[in-house]
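Enquirer: Below is a structure I'd like to ask you about.
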Amino acid sequence: FTAKNGARWNIETYSRMYTIHVNNQLIRMSVIENAKNNLFLVSSHKTICELCKSYEGKMLTRQELDNSTLFHPNCKHFVSEVKSIGGVA
């Protein structure tokens, strides 16, 4: 099929990408919603993606995450809650 932006997709490829994207989005949302703190560490895997490579390994607040270009379709990044910094909880 052809997407609104003109890209041509094989339905199996698109379905796989969409399912993985939604699953990853739900996992990230769960981590963020259940966090007790407002600071998160972005995973790092040496991406070449221009949308997210500047965020790799950085600590961001929830607002910064919401305003970032992270978590686009096919994005492999995840976040974890920062529970303490330098041994201070």
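Going by the structure tokens order, chains are called A, B, ..., each with residues numbered from 1, while ligands are numbered from 1 in the order shown.
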Would you pick out the contacts of segment 27-32 of chain A at 12 Å or less, using only C-alpha atoms, so that residues sharing its chain but fewer than 2 positions from it are not included, and give the list as a ChimeraX atom specification?
Expert: /A:20-25,34-43,60-63,65-66,70-71,75-82
Enquirer: Using only C-alpha atoms, please write the residues we just selected to a file, as a PDB file, in the first residue's frame.
Expert:
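And here is the file that came out, selection35.pdb:
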```pdb
ATOM      1  CA  ILE A  20       7.045  -3.046  17.629  1.00  0.00           C
ATOM      2  CA  HIS A  21       6.620   0.742  17.808  1.00  0.00           C
ATOM      3  CA  VAL A  22       3.383   0.548  19.802  1.00  0.00           C
ATOM      4  CA  ASN A  23       4.807  -2.118  22.134  1.00  0.00           C
ATOM      5  CA  ASN A  24       7.942  -0.044  22.818  1.00  0.00           C
ATOM      6  CA  GLN A  25       5.819   3.064  23.327  1.00  0.00           C
ATOM      7  CA  ASN A  34       5.237   4.732  37.346  1.00  0.00           C
ATOM      8  CA  ALA A  35       8.380   6.714  38.123  1.00  0.00           C
ATOM      9  CA  LYS A  36       8.726   8.288  41.535  1.00  0.00           C
ATOM     10  CA  ASN A  37      11.281  10.793  40.275  1.00  0.00           C
ATOM     11  CA  ASN A  38      11.320  13.180  37.334  1.00  0.00           C
ATOM     12  CA  LEU A  39      14.685  12.192  35.889  1.00  0.00           C
ATOM     13  CA  PHE A  40      15.273   9.511  33.248  1.00  0.00           C
ATOM     14  CA  LEU A  41      18.315   8.011  31.567  1.00  0.00           C
ATOM     15  CA  VAL A  42      18.094   7.453  27.811  1.00  0.00           C
ATOM     16  CA  SER A  43      19.640   4.239  26.532  1.00  0.00           C
ATOM     17  CA  LEU A  60      16.332  14.096  30.868  1.00  0.00           C
ATOM     18  CA  THR A  61      13.264  15.249  32.759  1.00  0.00           C
ATOM     19  CA  ARG A  62       9.813  14.091  31.718  1.00  0.00           C
ATOM     20  CA  GLN A  63       9.171  17.457  30.058  1.00  0.00           C
ATOM     21  CA  LEU A  65      11.427  13.676  26.974  1.00  0.00           C
ATOM     22  CA  ASP A  66       8.010  14.946  25.864  1.00  0.00           C
ATOM     23  CA  LEU A  70      13.043  10.485  20.598  1.00  0.00           C
ATOM     24  CA  PHE A  71      10.697   7.543  20.242  1.00  0.00           C
ATOM     25  CA  CYS A  75      13.393   3.972  17.481  1.00  0.00           C
ATOM     26  CA  LYS A  76      15.211   1.467  19.693  1.00  0.00           C
ATOM     27  CA  HIS A  77      15.754   3.780  22.654  1.00  0.00           C
ATOM     28  CA  PHE A  78      14.272   3.146  26.038  1.00  0.00           C
ATOM     29  CA  VAL A  79      14.402   5.069  29.299  1.00  0.00           C
ATOM     30  CA  SER A  80      14.998   4.068  32.863  1.00  0.00           C
ATOM     31  CA  GLU A  81      14.209   6.057  35.952  1.00  0.00           C
ATOM     32  CA  VAL A  82      17.186   7.668  37.665  1.00  0.00           C
TER      33      VAL A  82
END
```
Enquirer: I'd like the neighbourhood of segment 16-18 of chain A as JSON, numbers by chain, where a residue qualifies if any of its atoms comes within 9 Å (using only C-alpha atoms), though same-chain residues fewer than 5 positions away should be ignored.
Expert: {"A": [11, 23, 73, 74]}
Enquirer: Write down as a list in words the residues belonging to segment 43-79 of chain A that are assigned strand (DSSP E) by DSSP computed on the backbone.
Expert: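 Matching residues, listed in order: Met59, Leu60, Thr61 and Val79 of chain A.
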Enquirer: Only all heavy atoms, please: the residues just picked out, written as a PDB file, in the first residue's frame.
Expert:
```
ATOM      1  N   MET A  59      20.619  12.242  30.757  1.00  0.00           N
ATOM      2  CA  MET A  59      19.545  12.276  31.729  1.00  0.00           C
ATOM      3  C   MET A  59      18.617  13.423  31.353  1.00  0.00           C
ATOM      4  O   MET A  59      19.067  14.547  31.141  1.00  0.00           O
ATOM      5  CB  MET A  59      20.094  12.475  33.143  1.00  0.00           C
ATOM      6  CG  MET A  59      20.722  11.221  33.687  1.00  0.00           C
ATOM      7  SD  MET A  59      21.141  11.359  35.421  1.00  0.00           S
ATOM      8  CE  MET A  59      22.795  11.988  35.289  1.00  0.00           C
ATOM      9  N   LEU A  60      17.326  13.103  31.258  1.00  0.00           N
ATOM     10  CA  LEU A  60      16.332  14.096  30.868  1.00  0.00           C
ATOM     11  C   LEU A  60      15.152  14.052  31.820  1.00  0.00           C
ATOM     12  O   LEU A  60      14.822  13.005  32.375  1.00  0.00           O
ATOM     13  CB  LEU A  60      15.814  13.811  29.446  1.00  0.00           C
ATOM     14  CG  LEU A  60      16.830  13.789  28.316  1.00  0.00           C
ATOM     15  CD1 LEU A  60      16.149  13.360  27.016  1.00  0.00           C
ATOM     16  CD2 LEU A  60      17.480  15.144  28.136  1.00  0.00           C
ATOM     17  N   THR A  61      14.494  15.204  31.981  1.00  0.00           N
ATOM     18  CA  THR A  61      13.264  15.249  32.759  1.00  0.00           C
ATOM     19  C   THR A  61      12.113  14.756  31.879  1.00  0.00           C
ATOM     20  O   THR A  61      12.256  14.629  30.657  1.00  0.00           O
ATOM     21  CB  THR A  61      12.948  16.675  33.223  1.00  0.00           C
ATOM     22  OG1 THR A  61      12.700  17.485  32.066  1.00  0.00           O
ATOM     23  CG2 THR A  61      14.083  17.259  34.057  1.00  0.00           C
ATOM     24  N   VAL A  79      13.994   4.239  28.166  1.00  0.00           N
ATOM     25  CA  VAL A  79      14.402   5.069  29.299  1.00  0.00           C
ATOM     26  C   VAL A  79      14.292   4.266  30.578  1.00  0.00           C
ATOM     27  O   VAL A  79      13.504   3.327  30.674  1.00  0.00           O
ATOM     28  CB  VAL A  79      13.557   6.361  29.422  1.00  0.00           C
ATOM     29  CG1 VAL A  79      13.779   7.269  28.251  1.00  0.00           C
ATOM     30  CG2 VAL A  79      12.078   6.045  29.600  1.00  0.00           C
TER      31      VAL A  79
END
```
Enquirer: Can you list, as a PyMOL selection string, every protein, DNA or RNA residue that comes within 8 Å of Asn10 of chain A when you count only C-alpha atoms, leaving out same-chain residues fewer than 3 positions away?
Expert: chain A and resi 1+13-14
Enquirer: Dump all heavy atoms for the selected residues as a short mmCIF file (atom, residue, chain, number, x, y, z; two decimals), in the first residue's frame?
Expert:
```cif
data_model
loop_
_atom_site.label_atom_id
_atom_site.label_comp_id
_atom_site.auth_asym_id
_atom_site.auth_seq_id
_atom_site.Cartn_x
_atom_site.Cartn_y
_atom_site.Cartn_z
N PHE A 1 0.84 -1.18 0.00
CA PHE A 1 0.00 0.00 0.00
C PHE A 1 0.88 1.24 0.00
O PHE A 1 2.07 1.17 0.28
CB PHE A 1 -0.99 -0.02 1.17
CG PHE A 1 -0.39 0.28 2.52
CD1 PHE A 1 -0.36 1.56 3.03
CD2 PHE A 1 0.14 -0.74 3.29
CE1 PHE A 1 0.17 1.82 4.26
CE2 PHE A 1 0.67 -0.49 4.53
CZ PHE A 1 0.69 0.80 5.02
N THR A 13 5.70 -5.82 6.44
CA THR A 13 6.76 -4.98 6.99
C THR A 13 6.17 -3.85 7.83
O THR A 13 6.63 -3.57 8.94
CB THR A 13 7.62 -4.38 5.85
OG1 THR A 13 8.14 -5.45 5.07
CG2 THR A 13 8.76 -3.54 6.40
N TYR A 14 5.13 -3.21 7.30
CA TYR A 14 4.49 -2.11 8.03
C TYR A 14 3.87 -2.62 9.33
O TYR A 14 4.03 -2.00 10.38
CB TYR A 14 3.42 -1.45 7.16
CG TYR A 14 2.73 -0.33 7.90
CD1 TYR A 14 3.31 0.94 7.96
CD2 TYR A 14 1.52 -0.54 8.56
CE1 TYR A 14 2.70 1.96 8.65
CE2 TYR A 14 0.90 0.48 9.25
CZ TYR A 14 1.49 1.73 9.30
OH TYR A 14 0.89 2.74 9.99
#
```
Enquirer: Could you pull out the residues in segment 1-86 of chain A that DSSP calls helix (DSSP H, G or I) from the backbone, as a PyMOL selection string?
Expert: chain A and resi 11-33+53-55+62-66
Enquirer: So that I can see what lies close to Lys46 of chain A, please list as a ChimeraX atom specification the residues with an atom at most 12 Å from it, counting only C-alpha atoms and leaving out residues fewer than 2 positions away in the same chain.
Expert: /A:42-44,48-50,52-57,76-77
Enquirer: Based on the selection just made, write N, CA, C and O atoms of those residues as a PDB file, in the first residue's frame.
Expert:
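again_19.pdb, written as the output of this step:
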```
ATOM      1  N   VAL A  42      18.376   7.968  29.150  1.00  0.00           N
ATOM      2  CA  VAL A  42      18.094   7.453  27.811  1.00  0.00           C
ATOM      3  C   VAL A  42      19.151   6.412  27.466  1.00  0.00           C
ATOM      4  O   VAL A  42      20.346   6.625  27.692  1.00  0.00           O
ATOM      5  N   SER A  43      18.712   5.303  26.912  1.00  0.00           N
ATOM      6  CA  SER A  43      19.640   4.239  26.532  1.00  0.00           C
ATOM      7  C   SER A  43      20.627   4.725  25.480  1.00  0.00           C
ATOM      8  O   SER A  43      20.422   5.751  24.834  1.00  0.00           O
ATOM      9  N   SER A  44      21.694   3.969  25.326  1.00  0.00           N
ATOM     10  CA  SER A  44      22.730   4.322  24.363  1.00  0.00           C
ATOM     11  C   SER A  44      23.106   3.082  23.569  1.00  0.00           C
ATOM     12  O   SER A  44      23.452   2.056  24.155  1.00  0.00           O
ATOM     13  N   ILE A  48      22.781   5.861  14.472  1.00  0.00           N
ATOM     14  CA  ILE A  48      23.160   6.817  13.437  1.00  0.00           C
ATOM     15  C   ILE A  48      21.982   7.736  13.114  1.00  0.00           C
ATOM     16  O   ILE A  48      22.080   8.604  12.263  1.00  0.00           O
ATOM     17  N   CYS A  49      20.877   7.544  13.831  1.00  0.00           N
ATOM     18  CA  CYS A  49      19.665   8.320  13.590  1.00  0.00           C
ATOM     19  C   CYS A  49      19.858   9.764  14.058  1.00  0.00           C
ATOM     20  O   CYS A  49      20.167  10.013  15.223  1.00  0.00           O
ATOM     21  N   GLU A  50      19.669  10.692  13.160  1.00  0.00           N
ATOM     22  CA  GLU A  50      19.842  12.113  13.480  1.00  0.00           C
ATOM     23  C   GLU A  50      18.785  12.612  14.462  1.00  0.00           C
ATOM     24  O   GLU A  50      19.013  13.597  15.162  1.00  0.00           O
ATOM     25  N   CYS A  52      17.676  11.135  17.154  1.00  0.00           N
ATOM     26  CA  CYS A  52      17.842  10.778  18.559  1.00  0.00           C
ATOM     27  C   CYS A  52      19.277  10.598  19.039  1.00  0.00           C
ATOM     28  O   CYS A  52      19.496  10.444  20.238  1.00  0.00           O
ATOM     29  N   LYS A  53      20.266  10.659  18.161  1.00  0.00           N
ATOM     30  CA  LYS A  53      21.622  10.366  18.635  1.00  0.00           C
ATOM     31  C   LYS A  53      22.140  11.384  19.643  1.00  0.00           C
ATOM     32  O   LYS A  53      22.938  11.045  20.501  1.00  0.00           O
ATOM     33  N   SER A  54      21.660  12.621  19.611  1.00  0.00           N
ATOM     34  CA  SER A  54      22.132  13.623  20.574  1.00  0.00           C
ATOM     35  C   SER A  54      21.590  13.380  21.988  1.00  0.00           C
ATOM     36  O   SER A  54      22.071  13.967  22.951  1.00  0.00           O
ATOM     37  N   TYR A  55      20.603  12.503  22.116  1.00  0.00           N
ATOM     38  CA  TYR A  55      20.019  12.213  23.430  1.00  0.00           C
ATOM     39  C   TYR A  55      20.629  10.981  24.101  1.00  0.00           C
ATOM     40  O   TYR A  55      20.396  10.748  25.280  1.00  0.00           O
ATOM     41  N   GLU A  56      21.383  10.202  23.372  1.00  0.00           N
ATOM     42  CA  GLU A  56      21.905   8.945  23.902  1.00  0.00           C
ATOM     43  C   GLU A  56      22.716   9.138  25.175  1.00  0.00           C
ATOM     44  O   GLU A  56      23.599   9.985  25.244  1.00  0.00           O
ATOM     45  N   GLY A  57      22.382   8.335  26.194  1.00  0.00           N
ATOM     46  CA  GLY A  57      23.118   8.352  27.450  1.00  0.00           C
ATOM     47  C   GLY A  57      22.878   9.576  28.315  1.00  0.00           C
ATOM     48  O   GLY A  57      23.516   9.732  29.350  1.00  0.00           O
ATOM     49  N   LYS A  76      14.870   2.562  18.784  1.00  0.00           N
ATOM     50  CA  LYS A  76      15.211   1.467  19.693  1.00  0.00           C
ATOM     51  C   LYS A  76      15.516   1.956  21.110  1.00  0.00           C
ATOM     52  O   LYS A  76      15.863   1.165  21.984  1.00  0.00           O
ATOM     53  N   HIS A  77      15.421   3.241  21.336  1.00  0.00           N
ATOM     54  CA  HIS A  77      15.754   3.780  22.654  1.00  0.00           C
ATOM     55  C   HIS A  77      14.688   3.457  23.694  1.00  0.00           C
ATOM     56  O   HIS A  77      13.509   3.359  23.386  1.00  0.00           O
TER      57      HIS A  77
END
```
Enquirer: Just to confirm, what's the straight-line distance from atom CA of His45 of chain A to atom CA of Glu64 of chain A in Å (one decimal)?
Expert: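 A separation of 19.9 Å between them.
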